[in-house]
Amino acid sequence: MSPSKEAAAAKPKDVARQVDTFIDKFEPSMAKQIREVRAALRKQLPTAIELVYDNYNFFVIGYCSTEKPSDCICSLAANSKGVGLSFYYGADLVDPHGILEGSGSQNRFVRLTEGAKTLKNPHVVAMIIAATKNGEKPLPKERGFTVVRSISEKQRPRR
């Protein structure tokens with residue numbers, strides 16, 4: 001899948017700088033953790049499209065099969081208190097080991113208490129694979145790209 005006109009118009013270096021600016025709002029140790037988790041997710045989902053949101057409550061990077069937020073497989077979600085891995089359709093996933101938290105009608109998450117190291121947990125890996133298979137649209141064949149979708153003027157403190 002090739003990038004939309006909007007995504008294609010944004011130069012990759014400019015987008016990378018913009019994402020770095022968002023991450024730099026966090027304490028240095030938290031920023032490092034966010035970058036490590038992002039790198040690990042990009043390694044696990046190299047063809048996913050990253051949809052970036054610098055919102056009021058959270059900084060979020062969704063890993064999606066298309067540029068539509070509803071085609072999100074999982075998301076890195078960070079605030080000043082920590083980093084989590086959110087599953088957009090987590091309520092539909094089979095969770096035999098009880099690793100998913102949350103009780104909403106759709107979303108579930110895993111706290112990444114050990115940062116990117118948590119992503120190596122076999123149960124978390126299995127959940128990412130299950131979420132990928134559960135999606136309506138398959139991941140693209142070519143390398144993914146990054147799109148900044150939303151930036152909130154007002155935000156909770158990141159530090």
# chains A, B, ... in the order shown; residues from 1 in each chain; ligands from 1
$ residues_around --residues "Gly84 in chain A" --least-positions-apart "2" --cutoff "12 Å" --atoms "only C-alpha atoms" --output "number ranges by chain"
A: 30, 33-34, 37-38, 41, 58-62, 74-82, 86-87, 100-102, 108-116, 118-119, 124
$ residues_around --residues "Ala126 in chain A" --least-positions-apart "3" --cutoff "12 Å" --atoms "only C-alpha atoms" --output "NGL selection string"
:A and (44 or 93-97 or 99-100 or 119-123 or 129-134)
$ write_last_selection --atoms "all heavy atoms" --output "short mmCIF file (atom, residue, chain, number, x, y, z; two decimals), in the first residue's frame"
data_model
loop_
_atom_site.label_atom_id
_atom_site.label_comp_id
_atom_site.auth_asym_id
_atom_site.auth_seq_id
_atom_site.Cartn_x
_atom_site.Cartn_y
_atom_site.Cartn_z
N GLN A 44 8.99 -5.89 15.11
CA GLN A 44 8.00 -6.96 15.08
C GLN A 44 6.97 -6.75 13.97
O GLN A 44 6.42 -7.72 13.45
CB GLN A 44 7.26 -7.05 16.43
CG GLN A 44 8.09 -7.69 17.52
CD GLN A 44 7.31 -7.81 18.82
OE1 GLN A 44 7.03 -6.81 19.47
NE2 GLN A 44 6.98 -9.03 19.17
N LEU A 93 -9.89 -10.67 21.56
CA LEU A 93 -8.77 -11.61 21.58
C LEU A 93 -8.91 -12.65 22.68
O LEU A 93 -9.38 -12.34 23.78
CB LEU A 93 -7.45 -10.85 21.79
CG LEU A 93 -7.05 -9.87 20.69
CD1 LEU A 93 -5.81 -9.09 21.11
CD2 LEU A 93 -6.82 -10.59 19.37
N VAL A 94 -8.50 -13.86 22.39
CA VAL A 94 -8.46 -14.92 23.40
C VAL A 94 -7.23 -14.66 24.26
O VAL A 94 -6.13 -14.49 23.73
CB VAL A 94 -8.41 -16.31 22.73
CG1 VAL A 94 -8.28 -17.40 23.77
CG2 VAL A 94 -9.63 -16.52 21.85
N ASP A 95 -7.42 -14.63 25.57
CA ASP A 95 -6.33 -14.30 26.49
C ASP A 95 -6.20 -15.40 27.55
O ASP A 95 -6.56 -15.21 28.72
CB ASP A 95 -6.63 -12.94 27.15
CG ASP A 95 -5.55 -12.46 28.09
OD1 ASP A 95 -4.43 -13.00 28.02
OD2 ASP A 95 -5.83 -11.55 28.88
N PRO A 96 -5.66 -16.57 27.16
CA PRO A 96 -5.60 -17.70 28.09
C PRO A 96 -4.71 -17.46 29.31
O PRO A 96 -4.87 -18.11 30.33
CB PRO A 96 -5.06 -18.84 27.23
CG PRO A 96 -4.30 -18.18 26.14
CD PRO A 96 -5.03 -16.88 25.87
N HIS A 97 -3.77 -16.52 29.22
CA HIS A 97 -2.85 -16.26 30.33
C HIS A 97 -3.22 -15.03 31.15
O HIS A 97 -2.50 -14.67 32.08
CB HIS A 97 -1.41 -16.16 29.80
CG HIS A 97 -0.99 -17.39 29.05
ND1 HIS A 97 -0.68 -18.57 29.69
CD2 HIS A 97 -0.89 -17.64 27.73
CE1 HIS A 97 -0.39 -19.49 28.79
NE2 HIS A 97 -0.51 -18.95 27.59
N ILE A 99 -3.19 -11.78 30.50
CA ILE A 99 -2.24 -10.67 30.51
C ILE A 99 -2.89 -9.33 30.17
O ILE A 99 -2.31 -8.28 30.46
CB ILE A 99 -1.04 -10.91 29.56
CG1 ILE A 99 -1.48 -10.96 28.11
CG2 ILE A 99 -0.29 -12.16 29.97
CD1 ILE A 99 -0.33 -10.86 27.12
N LEU A 100 -4.07 -9.36 29.56
CA LEU A 100 -4.72 -8.12 29.14
C LEU A 100 -5.47 -7.48 30.30
O LEU A 100 -6.16 -8.16 31.06
CB LEU A 100 -5.67 -8.37 27.98
CG LEU A 100 -5.03 -8.86 26.68
CD1 LEU A 100 -6.09 -9.14 25.63
CD2 LEU A 100 -4.02 -7.85 26.16
N LEU A 119 7.94 -6.78 25.65
CA LEU A 119 7.48 -7.20 24.32
C LEU A 119 8.07 -8.54 23.91
O LEU A 119 7.59 -9.16 22.96
CB LEU A 119 7.83 -6.14 23.28
CG LEU A 119 7.12 -4.80 23.44
CD1 LEU A 119 7.66 -3.80 22.43
CD2 LEU A 119 5.62 -4.94 23.32
N LYS A 120 9.09 -9.02 24.62
CA LYS A 120 9.69 -10.31 24.32
C LYS A 120 9.01 -11.46 25.06
O LYS A 120 9.26 -12.62 24.78
CB LYS A 120 11.18 -10.29 24.66
CG LYS A 120 11.97 -9.37 23.76
CD LYS A 120 13.43 -9.35 24.13
CE LYS A 120 14.19 -8.40 23.23
NZ LYS A 120 15.59 -8.31 23.57
N ASN A 121 8.14 -11.11 26.01
CA ASN A 121 7.39 -12.12 26.74
C ASN A 121 6.58 -12.94 25.73
O ASN A 121 5.84 -12.37 24.92
CB ASN A 121 6.47 -11.43 27.75
CG ASN A 121 5.58 -12.38 28.51
OD1 ASN A 121 4.94 -13.26 27.94
ND2 ASN A 121 5.54 -12.21 29.80
N PRO A 122 6.69 -14.27 25.74
CA PRO A 122 5.99 -15.09 24.75
C PRO A 122 4.47 -14.86 24.72
O PRO A 122 3.86 -14.95 23.65
CB PRO A 122 6.30 -16.53 25.17
CG PRO A 122 7.45 -16.45 26.11
CD PRO A 122 7.50 -15.06 26.66
N HIS A 123 3.88 -14.54 25.87
CA HIS A 123 2.44 -14.30 25.90
C HIS A 123 2.09 -12.99 25.20
O HIS A 123 1.06 -12.88 24.52
CB HIS A 123 1.91 -14.27 27.33
CG HIS A 123 2.22 -15.53 28.10
ND1 HIS A 123 1.98 -16.79 27.60
CD2 HIS A 123 2.75 -15.70 29.33
CE1 HIS A 123 2.35 -17.70 28.49
NE2 HIS A 123 2.83 -17.06 29.55
N ILE A 129 0.64 -11.33 17.62
CA ILE A 129 0.37 -12.19 16.45
C ILE A 129 -1.13 -12.41 16.29
O ILE A 129 -1.67 -12.30 15.19
CB ILE A 129 1.14 -13.52 16.57
CG1 ILE A 129 2.64 -13.27 16.44
CG2 ILE A 129 0.66 -14.53 15.52
CD1 ILE A 129 3.51 -14.45 16.82
N ALA A 130 -1.81 -12.70 17.39
CA ALA A 130 -3.26 -12.92 17.34
C ALA A 130 -3.98 -11.66 16.86
O ALA A 130 -4.91 -11.74 16.04
CB ALA A 130 -3.78 -13.35 18.71
N ALA A 131 -3.56 -10.49 17.35
CA ALA A 131 -4.20 -9.24 16.94
C ALA A 131 -3.96 -8.98 15.45
O ALA A 131 -4.86 -8.49 14.75
CB ALA A 131 -3.66 -8.08 17.78
N THR A 132 -2.78 -9.34 14.96
CA THR A 132 -2.47 -9.17 13.54
C THR A 132 -3.38 -10.07 12.70
O THR A 132 -3.93 -9.63 11.69
CB THR A 132 -0.98 -9.51 13.27
OG1 THR A 132 -0.18 -8.67 14.08
CG2 THR A 132 -0.62 -9.32 11.82
N LYS A 133 -3.54 -11.31 13.13
CA LYS A 133 -4.39 -12.25 12.40
C LYS A 133 -5.87 -11.89 12.50
O LYS A 133 -6.66 -12.21 11.62
CB LYS A 133 -4.17 -13.67 12.92
CG LYS A 133 -2.82 -14.24 12.54
CD LYS A 133 -2.63 -15.62 13.12
CE LYS A 133 -1.27 -16.18 12.74
NZ LYS A 133 -1.01 -17.47 13.36
N ASN A 134 -6.24 -11.24 13.59
CA ASN A 134 -7.63 -10.89 13.86
C ASN A 134 -8.10 -9.69 13.01
O ASN A 134 -9.29 -9.47 12.87
CB ASN A 134 -7.79 -10.56 15.35
CG ASN A 134 -9.17 -10.83 15.86
OD1 ASN A 134 -9.79 -11.80 15.47
ND2 ASN A 134 -9.65 -9.98 16.75
#
$ select_by_dssp --residues "chain A" --states "strand (DSSP E or B)" --output "number ranges by chain"
A: 49-54, 59-64, 72-79, 82-87, 101, 108-111, 146-151
$ write_last_selection --atoms "N, CA, C and O atoms" --output "tab-separated table (two decimals), in the first residue's frame"
chain	number	residue	atom	x	y	z
A	49	ILE	N	1.79	0.50	9.30
A	49	ILE	CA	1.78	1.95	9.14
A	49	ILE	C	1.65	2.54	10.53
A	49	ILE	O	0.73	2.18	11.28
A	50	GLU	N	2.57	3.42	10.90
A	50	GLU	CA	2.53	4.07	12.21
A	50	GLU	C	1.66	5.32	12.11
A	50	GLU	O	1.96	6.22	11.33
A	51	LEU	N	0.59	5.36	12.90
A	51	LEU	CA	-0.24	6.55	13.00
A	51	LEU	C	0.07	7.19	14.35
A	51	LEU	O	-0.11	6.57	15.39
A	52	VAL	N	0.55	8.43	14.32
A	52	VAL	CA	1.03	9.10	15.52
A	52	VAL	C	0.04	10.16	15.98
A	52	VAL	O	-0.43	10.97	15.18
A	53	TYR	N	-0.24	10.14	17.29
A	53	TYR	CA	-1.15	11.10	17.92
A	53	TYR	C	-0.46	11.67	19.16
A	53	TYR	O	-0.07	10.91	20.04
A	54	ASP	N	-0.32	12.97	19.21
A	54	ASP	CA	0.21	13.63	20.41
A	54	ASP	C	-1.00	14.30	21.06
A	54	ASP	O	-1.25	15.49	20.85
A	59	PHE	N	0.52	10.18	24.44
A	59	PHE	CA	1.25	10.14	23.18
A	59	PHE	C	1.04	8.72	22.67
A	59	PHE	O	1.29	7.75	23.41
A	60	VAL	N	0.55	8.56	21.44
A	60	VAL	CA	0.18	7.25	20.93
A	60	VAL	C	0.76	7.03	19.54
A	60	VAL	O	0.73	7.93	18.70
A	61	ILE	N	1.29	5.83	19.32
A	61	ILE	CA	1.67	5.40	17.98
A	61	ILE	C	0.91	4.11	17.70
A	61	ILE	O	1.15	3.09	18.36
A	62	GLY	N	-0.01	4.18	16.76
A	62	GLY	CA	-0.78	3.01	16.38
A	62	GLY	C	-0.09	2.27	15.24
A	62	GLY	O	0.44	2.89	14.32
A	63	TYR	N	-0.07	0.96	15.31
A	63	TYR	CA	0.51	0.11	14.27
A	63	TYR	C	-0.65	-0.51	13.51
A	63	TYR	O	-1.37	-1.36	14.04
A	64	CYS	N	-0.82	-0.06	12.26
A	64	CYS	CA	-2.03	-0.35	11.51
A	64	CYS	C	-1.74	-1.00	10.16
A	64	CYS	O	-0.65	-0.85	9.61
A	72	CYS	N	-6.22	-0.55	13.24
A	72	CYS	CA	-5.10	-0.61	14.18
A	72	CYS	C	-5.00	-2.01	14.79
A	72	CYS	O	-5.99	-2.59	15.22
A	73	ILE	N	-3.79	-2.52	14.84
A	73	ILE	CA	-3.51	-3.82	15.44
A	73	ILE	C	-3.20	-3.64	16.92
A	73	ILE	O	-3.79	-4.28	17.78
A	74	CYS	N	-2.25	-2.76	17.18
A	74	CYS	CA	-1.87	-2.43	18.56
A	74	CYS	C	-1.26	-1.04	18.56
A	74	CYS	O	-0.92	-0.50	17.51
A	75	SER	N	-1.15	-0.46	19.75
A	75	SER	CA	-0.60	0.89	19.87
A	75	SER	C	0.33	0.98	21.06
A	75	SER	O	0.07	0.40	22.11
A	76	LEU	N	1.37	1.76	20.89
A	76	LEU	CA	2.21	2.19	21.99
A	76	LEU	C	1.49	3.41	22.56
A	76	LEU	O	1.14	4.32	21.81
A	77	ALA	N	1.22	3.40	23.84
A	77	ALA	CA	0.55	4.54	24.48
A	77	ALA	C	1.38	4.95	25.69
A	77	ALA	O	1.70	4.12	26.54
A	78	ALA	N	1.74	6.24	25.76
A	78	ALA	CA	2.61	6.71	26.84
A	78	ALA	C	2.06	7.99	27.45
A	78	ALA	O	1.52	8.84	26.76
A	79	ASN	N	2.21	8.07	28.77
A	79	ASN	CA	1.99	9.32	29.48
A	79	ASN	C	3.11	9.44	30.51
A	79	ASN	O	4.04	8.63	30.50
A	82	GLY	N	3.95	6.08	32.49
A	82	GLY	CA	4.46	4.84	31.92
A	82	GLY	C	4.04	4.61	30.49
A	82	GLY	O	3.39	5.45	29.86
A	83	VAL	N	4.43	3.44	30.00
A	83	VAL	CA	4.17	3.05	28.62
A	83	VAL	C	3.34	1.77	28.63
A	83	VAL	O	3.56	0.87	29.44
A	84	GLY	N	2.38	1.70	27.72
A	84	GLY	CA	1.56	0.51	27.60
A	84	GLY	C	1.43	0.08	26.16
A	84	GLY	O	1.76	0.83	25.23
A	85	LEU	N	0.97	-1.13	25.98
A	85	LEU	CA	0.67	-1.67	24.65
A	85	LEU	C	-0.83	-1.90	24.63
A	85	LEU	O	-1.36	-2.72	25.38
A	86	SER	N	-1.49	-1.16	23.78
A	86	SER	CA	-2.95	-1.21	23.70
A	86	SER	C	-3.37	-2.03	22.48
A	86	SER	O	-2.77	-1.91	21.41
A	87	PHE	N	-4.39	-2.84	22.66
A	87	PHE	CA	-4.95	-3.62	21.55
A	87	PHE	C	-6.33	-3.05	21.24
A	87	PHE	O	-7.25	-3.15	22.06
A	101	GLU	N	-5.33	-6.16	30.41
A	101	GLU	CA	-6.05	-5.39	31.41
A	101	GLU	C	-7.12	-4.55	30.72
A	101	GLU	O	-7.04	-4.30	29.52
A	108	ARG	N	-8.17	-3.31	25.12
A	108	ARG	CA	-7.47	-3.96	26.23
A	108	ARG	C	-6.00	-3.53	26.13
A	108	ARG	O	-5.54	-3.11	25.08
A	109	PHE	N	-5.25	-3.68	27.21
A	109	PHE	CA	-3.86	-3.24	27.20
A	109	PHE	C	-2.99	-4.08	28.11
A	109	PHE	O	-3.47	-4.81	28.96
A	110	VAL	N	-1.68	-3.93	27.88
A	110	VAL	CA	-0.65	-4.56	28.71
A	110	VAL	C	0.27	-3.44	29.16
A	110	VAL	O	0.74	-2.65	28.33
A	111	ARG	N	0.52	-3.36	30.45
A	111	ARG	CA	1.48	-2.37	30.96
A	111	ARG	C	2.89	-2.89	30.64
A	111	ARG	O	3.21	-4.04	30.95
A	146	THR	N	5.36	6.36	8.46
A	146	THR	CA	4.80	7.05	9.62
A	146	THR	C	3.99	8.26	9.17
A	146	THR	O	4.43	9.01	8.30
A	147	VAL	N	2.81	8.42	9.80
A	147	VAL	CA	1.94	9.55	9.51
A	147	VAL	C	1.56	10.21	10.84
A	147	VAL	O	1.09	9.52	11.75
A	148	VAL	N	1.79	11.51	10.96
A	148	VAL	CA	1.33	12.24	12.15
A	148	VAL	C	-0.12	12.63	11.89
A	148	VAL	O	-0.43	13.36	10.96
A	149	ARG	N	-1.01	12.10	12.72
A	149	ARG	CA	-2.44	12.29	12.51
A	149	ARG	C	-3.05	13.42	13.33
A	149	ARG	O	-4.00	14.05	12.92
A	150	SER	N	-2.53	13.64	14.55
A	150	SER	CA	-3.19	14.59	15.43
A	150	SER	C	-2.21	15.14	16.46
A	150	SER	O	-1.40	14.40	17.00
A	151	ILE	N	-2.32	16.45	16.69
A	151	ILE	CA	-1.53	17.10	17.74
A	151	ILE	C	-2.49	18.00	18.51
A	151	ILE	O	-3.10	18.90	17.94
$ select_by_dssp --residues "chain A" --states "alpha helix (DSSP H)" --output "ChimeraX atom specification"
/A:5-9,12-23,28-44,122-134
$ atom_distance --atom1 "CA of Phe22 in chain A" --atom2 "CA of Asn55 in chain A"
10.1 Å
$ residues_around --residues "Ala48 in chain A" --least-positions-apart "2" --cutoff "8 Å" --atoms "only C-alpha atoms" --output "list of chain:residue names"
A:Arg42, A:Leu45, A:Pro46, A:Glu50, A:Tyr63, A:Cys64, A:Ser65, A:Thr66, A:Leu139, A:Pro140, A:Arg143, A:Gly144, A:Phe145
$ write_last_selection --atoms "C-alpha atoms" --output "short mmCIF file (atom, residue, chain, number, x, y, z; two decimals), in the first residue's frame"
data_model
loop_
_atom_site.label_atom_id
_atom_site.label_comp_id
_atom_site.auth_asym_id
_atom_site.auth_seq_id
_atom_site.Cartn_x
_atom_site.Cartn_y
_atom_site.Cartn_z
CA ARG A 42 8.74 -1.58 14.36
CA LEU A 45 5.67 -5.16 12.64
CA PRO A 46 7.98 -3.78 9.92
CA GLU A 50 2.53 4.07 12.21
CA TYR A 63 0.51 0.11 14.27
CA CYS A 64 -2.03 -0.35 11.51
CA SER A 65 -2.61 -2.30 8.31
CA THR A 66 -3.95 0.83 6.56
CA LEU A 139 -0.51 -5.90 6.82
CA PRO A 140 0.97 -4.40 3.65
CA ARG A 143 7.92 -1.42 4.51
CA GLY A 144 5.66 0.71 6.66
CA PHE A 145 5.77 4.48 7.00
#
$ atom_distance --atom1 "CA of Lys137 in chain A" --atom2 "CA of Ser70 in chain A"
10.2 Å
$ atom_distance --atom1 "CA of Glu27 in chain A" --atom2 "CA of Lys43 in chain A"
24.2 Å
